[in-house]
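In what follows, a single structure is set out as structure tokens and then discussed.
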Amino acid sequence: MGTFYSDGRVFRNRVTDIIEVKGLRHTYGDVRAVRGISFSVREGEIFSFLGPNGAGKSTAINVLITLLPIQEGEVIIAGHDLRTFPEKVRASIGIVFQEVTLDRDMTSWETLDFHGHLYNMEREERARRTDELLSLVELEEKRNTLTRDLSGGMKRRLEIARGLMTRPPVLFLDEPTIGLDPQTRIRMWDYLRGVNKEGTTIFLTTHYMDEADHLSDRISIIDHGEIIVTGTPWKLKNALGEDIIYLETSDNGAAGHLLRDTVEVRGIRDKGSRGILVLVNGDGSRVLPGIIAALTGAGITVETINLKKPTMDDVFLHYTGRAIRDGGMAG
Amino acid sequence: MKAGFLTVYRRDMTRFFRFRTQFISSLLQPILWLAFFGVAMASSFDRLSAGVTAAGAAQIGYLTFMGAGIIAMTALFTSLYGGFILLFDKNWGLMREVLASPMPRRDIIIGISLSGMTKSWIQTIVIILFGMLLGVEFFTGQSFLGALVSVAGILLFTGIFSIGFLCLSATIALSMASPEGFQGITTLLTMPLFFTSNALYPTDALPEILQDAAIFNPLTHLITGIRYFAIGNDFTAIGIHFSLGPADVLLSLGALLLFTALTFTIAWKKVRNAVIT
């Protein structure tokens, strides 16, 4: 993991890793919520934990942000060992919690100012940063509004602004868009991408496939307290290989026979009398015209075509053997 | 600036002044006690005890006697409720933000202790002024400077007492999951504390077992302190002769300090080990 110095700084072998976790375990009584996970987050990337509720995502993130005591394993964040220097880790990170953690009786401005005070920011810097962030998250007009009067999306934006108040090198977000409507979620992703572009490393947990897919540079799929697989969204999806083409034709049996021997086709799944699924190698959109031509040439009429690229849902299904669902215990 | 408790203090006071209804309603209760119970009881008691005097001791009306008790009662109620902000923050507010920040957790307790003390001080002064308007005879025979010293003495006792109960309240708040639980415990505490104290009557009149309870009741010691500074060390009220020496007052001060040190330590330990996710 590197060489430890007495002041908590660790000389890292790979300078680009801003979060390093090795063998992290956490149990509540008999419940093994996190069962030995290891991963690292590179400086400047957006890294996601994707998993269903109860997978151990929140437990893991709560250990990293020092809300839960570390039980077993090694964690180094921004060069500080979490076990020996939790205070230094605290000073180096920004956090957006899963639940709304705003005082509804404070204004937007007071919320940020309070945060600046908590982190010992100088008066001038505090004022400058507050203005800067209110404008970044487009809440300038709400600076003197009590947070109870903000919409769900505004509250989230204010919390993101608060997380960025001290210019932390790493921002942690636990389910950042939970409970937000689709438009607000997409705007939130834009904010987070913008923040990331400015140089902040982002670590987030989510149980939304699309969120992990659209936002992350890399994803770890986590289930039952273990990391199942880690990779870029593109690689994870490609690891499943094929695009899938669904066909309904005038003669499904003949179509299947004909296509089975084509080079681009890896397999045929019969879907009964209705249609067939064609698993293809490589890019399905390029293979498709050839398939239509071949079928037409053989006198088979194509009635319906549907090209399906693998989604994160397929990836998740593939690796965990089940689909992700909302509801149940928060994890 | 490393004084994190000032951050906590400032925020709590901002809320206090922003939402004046809580402040005003917290003053309404003592004022009603004084204006109705106090005035009514005073006219009955004072008639009964008119003939009783002790040599050299000032005779004190019932309203004046219970005025000290009402100040103490208000400090008790306000402080015992004051920790609620922690439960509120824990369930719906910014407790996670504060706990995950580099600010030492001790500062949470120090901050709300000081804001609780400030609130009690404001209330104490308002009640003294209103009480004197109604006919409470505090500081009689004292010079202006003497009265100021007496007020300072009252604030000293009230302040230590408030911090003590604020810390107790904070501990309850951090231990409870729901506002109902918090409400239940604090309500359970207030009435016994109030009635086993010398707020409305001298504890000599209580059954022996309750007299013993009164000795260990911080409220009794607060009221002893307030009476010493507001009324004097030698007086009769409700036909009973009260004589307080400096030793009695120091004993009461010591008892309050001990109580507050104890509850502060418990609250500090509680917040240090608090895990809220």
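Residue numbering restarts at 1 for every chain of the structure tokens, chains are lettered A, B, ... in their displayed order, and ligands are numbered from 1 as they appear.
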7 Å contact set for segment 168-184 of chain B, only C-alpha atoms, chain neighbours under 3 positions out, as a ChimeraX atom specification: /B:80-84,86-87,164-165,187-188,263,267,270
Can you spit out the residues from that selection as a PDB file, in the first residue's frame, using N, CA, C and O atoms?
```pdb
ATOM      1  N   LEU B  80     -34.202  21.274  30.153  1.00  0.00           N
ATOM      2  CA  LEU B  80     -34.537  19.869  29.944  1.00  0.00           C
ATOM      3  C   LEU B  80     -35.077  19.654  28.526  1.00  0.00           C
ATOM      4  O   LEU B  80     -34.975  18.568  27.968  1.00  0.00           O
ATOM      5  N   TYR B  81     -35.635  20.704  27.950  1.00  0.00           N
ATOM      6  CA  TYR B  81     -36.128  20.602  26.583  1.00  0.00           C
ATOM      7  C   TYR B  81     -35.019  20.936  25.572  1.00  0.00           C
ATOM      8  O   TYR B  81     -35.079  20.518  24.422  1.00  0.00           O
ATOM      9  N   GLY B  82     -34.014  21.675  26.039  1.00  0.00           N
ATOM     10  CA  GLY B  82     -33.004  22.249  25.137  1.00  0.00           C
ATOM     11  C   GLY B  82     -32.231  21.249  24.306  1.00  0.00           C
ATOM     12  O   GLY B  82     -31.775  21.553  23.213  1.00  0.00           O
ATOM     13  N   GLY B  83     -32.090  20.015  24.813  1.00  0.00           N
ATOM     14  CA  GLY B  83     -31.327  19.021  24.063  1.00  0.00           C
ATOM     15  C   GLY B  83     -32.076  18.498  22.852  1.00  0.00           C
ATOM     16  O   GLY B  83     -31.514  17.800  22.020  1.00  0.00           O
ATOM     17  N   PHE B  84     -33.353  18.865  22.770  1.00  0.00           N
ATOM     18  CA  PHE B  84     -34.181  18.355  21.677  1.00  0.00           C
ATOM     19  C   PHE B  84     -33.580  18.658  20.310  1.00  0.00           C
ATOM     20  O   PHE B  84     -33.719  17.866  19.377  1.00  0.00           O
ATOM     21  N   LEU B  86     -30.731  18.282  19.348  1.00  0.00           N
ATOM     22  CA  LEU B  86     -29.850  17.186  18.922  1.00  0.00           C
ATOM     23  C   LEU B  86     -30.653  16.028  18.326  1.00  0.00           C
ATOM     24  O   LEU B  86     -30.236  15.407  17.356  1.00  0.00           O
ATOM     25  N   LEU B  87     -31.807  15.775  18.914  1.00  0.00           N
ATOM     26  CA  LEU B  87     -32.676  14.720  18.376  1.00  0.00           C
ATOM     27  C   LEU B  87     -33.201  15.146  17.007  1.00  0.00           C
ATOM     28  O   LEU B  87     -33.242  14.355  16.063  1.00  0.00           O
ATOM     29  N   GLY B 164     -26.100  21.907  33.424  1.00  0.00           N
ATOM     30  CA  GLY B 164     -26.290  20.559  33.952  1.00  0.00           C
ATOM     31  C   GLY B 164     -27.472  19.856  33.318  1.00  0.00           C
ATOM     32  O   GLY B 164     -27.367  18.717  32.857  1.00  0.00           O
ATOM     33  N   PHE B 165     -28.603  20.549  33.283  1.00  0.00           N
ATOM     34  CA  PHE B 165     -29.795  19.900  32.731  1.00  0.00           C
ATOM     35  C   PHE B 165     -29.769  19.848  31.211  1.00  0.00           C
ATOM     36  O   PHE B 165     -30.355  18.957  30.606  1.00  0.00           O
ATOM     37  N   THR B 187     -40.870  14.652  30.409  1.00  0.00           N
ATOM     38  CA  THR B 187     -42.082  14.929  31.184  1.00  0.00           C
ATOM     39  C   THR B 187     -42.051  14.141  32.492  1.00  0.00           C
ATOM     40  O   THR B 187     -42.420  14.652  33.559  1.00  0.00           O
ATOM     41  N   LEU B 188     -41.568  12.896  32.382  1.00  0.00           N
ATOM     42  CA  LEU B 188     -41.483  12.044  33.568  1.00  0.00           C
ATOM     43  C   LEU B 188     -40.559  12.667  34.620  1.00  0.00           C
ATOM     44  O   LEU B 188     -40.746  12.470  35.811  1.00  0.00           O
ATOM     45  N   THR B 263     -23.189  15.392  34.576  1.00  0.00           N
ATOM     46  CA  THR B 263     -24.000  15.289  33.353  1.00  0.00           C
ATOM     47  C   THR B 263     -23.183  15.693  32.122  1.00  0.00           C
ATOM     48  O   THR B 263     -23.358  15.136  31.048  1.00  0.00           O
ATOM     49  N   ALA B 267     -22.724  13.342  28.896  1.00  0.00           N
ATOM     50  CA  ALA B 267     -23.123  13.822  27.567  1.00  0.00           C
ATOM     51  C   ALA B 267     -21.942  13.788  26.600  1.00  0.00           C
ATOM     52  O   ALA B 267     -22.084  13.436  25.429  1.00  0.00           O
ATOM     53  N   LYS B 270     -21.308  10.361  25.538  1.00  0.00           N
ATOM     54  CA  LYS B 270     -22.397   9.937  24.656  1.00  0.00           C
ATOM     55  C   LYS B 270     -22.165  10.444  23.227  1.00  0.00           C
ATOM     56  O   LYS B 270     -22.308   9.701  22.260  1.00  0.00           O
TER      57      LYS B 270
END
```
Residue contacts of segment 9-13 of chain B (7 Å, only C-alpha atoms) excluding same-chain residues fewer than 6 positions away, as a PyMOL selection string: chain B and resi 111-112+114-115
Secondary structure check, alpha helix (DSSP H) residues of segment 67-160 of chain B, as a PyMOL selection string: chain B and resi 67-82+84-92+95-99+106-134+144-160
How would the residues just picked look written out with C-alpha atoms as a compact mmCIF listing (two decimals), in the first residue's frame?
```txt
# COMPACT_ATOMS: atom_id res chain seq x y z
CA GLY B 67 -40.82 33.97 42.52
CA ALA B 68 -37.46 32.30 43.06
CA GLY B 69 -39.10 28.92 42.50
CA ILE B 70 -40.64 30.05 39.23
CA ILE B 71 -37.31 31.28 37.89
CA ALA B 72 -35.84 27.89 38.71
CA MET B 73 -38.79 26.05 37.21
CA THR B 74 -38.38 27.94 33.95
CA ALA B 75 -34.66 27.18 33.84
CA LEU B 76 -35.47 23.52 34.44
CA PHE B 77 -38.10 23.30 31.71
CA THR B 78 -36.06 25.20 29.16
CA SER B 79 -32.88 23.24 29.78
CA LEU B 80 -34.54 19.87 29.94
CA TYR B 81 -36.13 20.60 26.58
CA GLY B 82 -33.00 22.25 25.14
CA PHE B 84 -34.18 18.35 21.68
CA ILE B 85 -32.26 20.14 18.95
CA LEU B 86 -29.85 17.19 18.92
CA LEU B 87 -32.68 14.72 18.38
CA PHE B 88 -34.05 16.98 15.67
CA ASP B 89 -30.63 17.18 14.00
CA LYS B 90 -30.15 13.46 14.35
CA ASN B 91 -33.46 12.56 12.71
CA TRP B 92 -34.02 15.38 10.26
CA MET B 95 -26.08 15.86 12.77
CA ARG B 96 -24.30 13.72 10.18
CA GLU B 97 -22.64 16.78 8.70
CA VAL B 98 -21.40 17.86 12.12
CA LEU B 99 -20.25 14.40 13.21
CA ARG B 106 -16.97 17.96 22.61
CA ASP B 107 -17.76 21.32 21.02
CA ILE B 108 -21.29 20.17 20.24
CA ILE B 109 -21.98 19.76 23.95
CA ILE B 110 -20.16 22.94 24.95
CA GLY B 111 -21.98 24.92 22.25
CA ILE B 112 -25.49 23.90 23.14
CA SER B 113 -24.71 24.13 26.86
CA LEU B 114 -23.77 27.75 26.40
CA SER B 115 -26.78 28.54 24.25
CA GLY B 116 -29.01 26.82 26.82
CA MET B 117 -27.42 28.96 29.49
CA THR B 118 -27.95 32.12 27.48
CA LYS B 119 -31.62 31.30 26.95
CA SER B 120 -32.09 30.67 30.67
CA TRP B 121 -30.40 33.97 31.48
CA ILE B 122 -32.69 35.90 29.16
CA GLN B 123 -35.71 34.21 30.70
CA THR B 124 -34.49 34.77 34.24
CA ILE B 125 -34.10 38.49 33.66
CA VAL B 126 -37.50 38.78 32.00
CA ILE B 127 -39.16 36.89 34.87
CA ILE B 128 -37.42 39.00 37.52
CA LEU B 129 -38.59 42.18 35.81
CA PHE B 130 -42.13 40.93 35.26
CA GLY B 131 -42.31 39.53 38.77
CA MET B 132 -41.26 42.81 40.31
CA LEU B 133 -43.97 44.48 38.26
CA LEU B 134 -46.50 42.09 39.84
CA PHE B 144 -28.02 49.38 43.19
CA LEU B 145 -24.58 47.87 43.14
CA GLY B 146 -25.66 45.24 45.64
CA ALA B 147 -28.63 44.36 43.43
CA LEU B 148 -26.30 43.98 40.45
CA VAL B 149 -24.09 41.62 42.42
CA SER B 150 -27.22 39.70 43.44
CA VAL B 151 -28.35 39.42 39.82
CA ALA B 152 -24.88 38.16 38.91
CA GLY B 153 -25.16 35.61 41.71
CA ILE B 154 -28.56 34.45 40.47
CA LEU B 155 -27.21 34.16 36.92
CA LEU B 156 -24.23 32.16 38.18
CA PHE B 157 -26.52 29.63 39.85
CA THR B 158 -28.96 29.55 36.94
CA GLY B 159 -26.12 29.18 34.45
CA ILE B 160 -24.50 26.18 36.13
```
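Excluding segment 296-311 of chain A and any residue on its chain fewer than 6 positions from it, the residues at most 9 Å away by only C-alpha atoms are Met209, Asp210, Asp213, Lys237, Asn238, Leu240, Gly241, Glu242, Asp243, Ile244, Ile245, Tyr246, Leu247, Glu248, Thr249, Ser250, Asp251, Asn252, Ala254, Ala255, Leu258, Gly275, Asp283, Gly284, Ser285 and Leu288 of chain A.
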Backbone DSSP call of strand (DSSP E) for segment 54-201 of chain A, listed as a PyMOL selection string: chain A and resi 72-77+80-81+93-96+170-174+201
Within 9 Å of chain B: residues of chain A, using only C-alpha atoms, as a ChimeraX atom specification: /A:58-59,62,65-69,86-91,95-97,99-106,110,114-115,117-122
Neighbouring residues of segment 210-225 of chain B were defined as those with any atom within 6 Å, considering only C-alpha atoms; residues of the same chain fewer than 4 positions away were excluded. Please report them as a PDB file with N, CA, C and O atoms, in the first residue's frame.
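Result file around24.pdb:
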```pdb
ATOM      1  N   GLY B  69     -38.769  30.260  42.987  1.00  0.00           N
ATOM      2  CA  GLY B  69     -39.102  28.918  42.498  1.00  0.00           C
ATOM      3  C   GLY B  69     -39.495  28.927  41.035  1.00  0.00           C
ATOM      4  O   GLY B  69     -39.167  28.000  40.275  1.00  0.00           O
ATOM      5  N   PHE B 157     -25.822  30.863  39.464  1.00  0.00           N
ATOM      6  CA  PHE B 157     -26.518  29.628  39.850  1.00  0.00           C
ATOM      7  C   PHE B 157     -27.356  29.085  38.682  1.00  0.00           C
ATOM      8  O   PHE B 157     -27.323  27.899  38.377  1.00  0.00           O
ATOM      9  N   THR B 196     -40.550  17.843  44.395  1.00  0.00           N
ATOM     10  CA  THR B 196     -39.677  17.499  45.522  1.00  0.00           C
ATOM     11  C   THR B 196     -38.641  18.605  45.743  1.00  0.00           C
ATOM     12  O   THR B 196     -37.590  18.368  46.323  1.00  0.00           O
ATOM     13  N   SER B 197     -38.942  19.793  45.293  1.00  0.00           N
ATOM     14  CA  SER B 197     -38.027  20.908  45.529  1.00  0.00           C
ATOM     15  C   SER B 197     -38.715  21.919  46.439  1.00  0.00           C
ATOM     16  O   SER B 197     -39.887  21.766  46.786  1.00  0.00           O
ATOM     17  N   ASN B 198     -37.979  22.941  46.793  1.00  0.00           N
ATOM     18  CA  ASN B 198     -38.539  23.998  47.639  1.00  0.00           C
ATOM     19  C   ASN B 198     -39.082  25.158  46.808  1.00  0.00           C
ATOM     20  O   ASN B 198     -39.071  26.290  47.248  1.00  0.00           O
ATOM     21  N   THR B 203     -39.243  22.580  52.034  1.00  0.00           N
ATOM     22  CA  THR B 203     -39.173  21.117  52.003  1.00  0.00           C
ATOM     23  C   THR B 203     -39.391  20.502  53.393  1.00  0.00           C
ATOM     24  O   THR B 203     -39.673  19.317  53.491  1.00  0.00           O
ATOM     25  N   LEU B 206     -42.419  18.436  53.778  1.00  0.00           N
ATOM     26  CA  LEU B 206     -42.584  17.189  53.030  1.00  0.00           C
ATOM     27  C   LEU B 206     -42.383  15.976  53.937  1.00  0.00           C
ATOM     28  O   LEU B 206     -41.710  16.069  54.970  1.00  0.00           O
ATOM     29  N   VAL B 249     -25.112  28.249  51.119  1.00  0.00           N
ATOM     30  CA  VAL B 249     -25.081  28.676  49.719  1.00  0.00           C
ATOM     31  C   VAL B 249     -23.910  28.018  48.987  1.00  0.00           C
ATOM     32  O   VAL B 249     -24.064  27.546  47.859  1.00  0.00           O
ATOM     33  N   SER B 252     -24.761  24.478  48.258  1.00  0.00           N
ATOM     34  CA  SER B 252     -25.660  24.382  47.101  1.00  0.00           C
ATOM     35  C   SER B 252     -24.903  24.587  45.795  1.00  0.00           C
ATOM     36  O   SER B 252     -25.124  23.884  44.811  1.00  0.00           O
TER      37      SER B 252
END
```
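Using only C-alpha atoms for every distance, the candidate list A:Met165, A:Ile160, A:Leu279, A:Ile186 yields A:Met165 as the residue closest to Arg129 of chain A.
Closest approach to Ile228 of chain A among A:Thr320, A:Thr111, A:Ser48, A:Thr84: A:Thr320, based on only C-alpha atoms.
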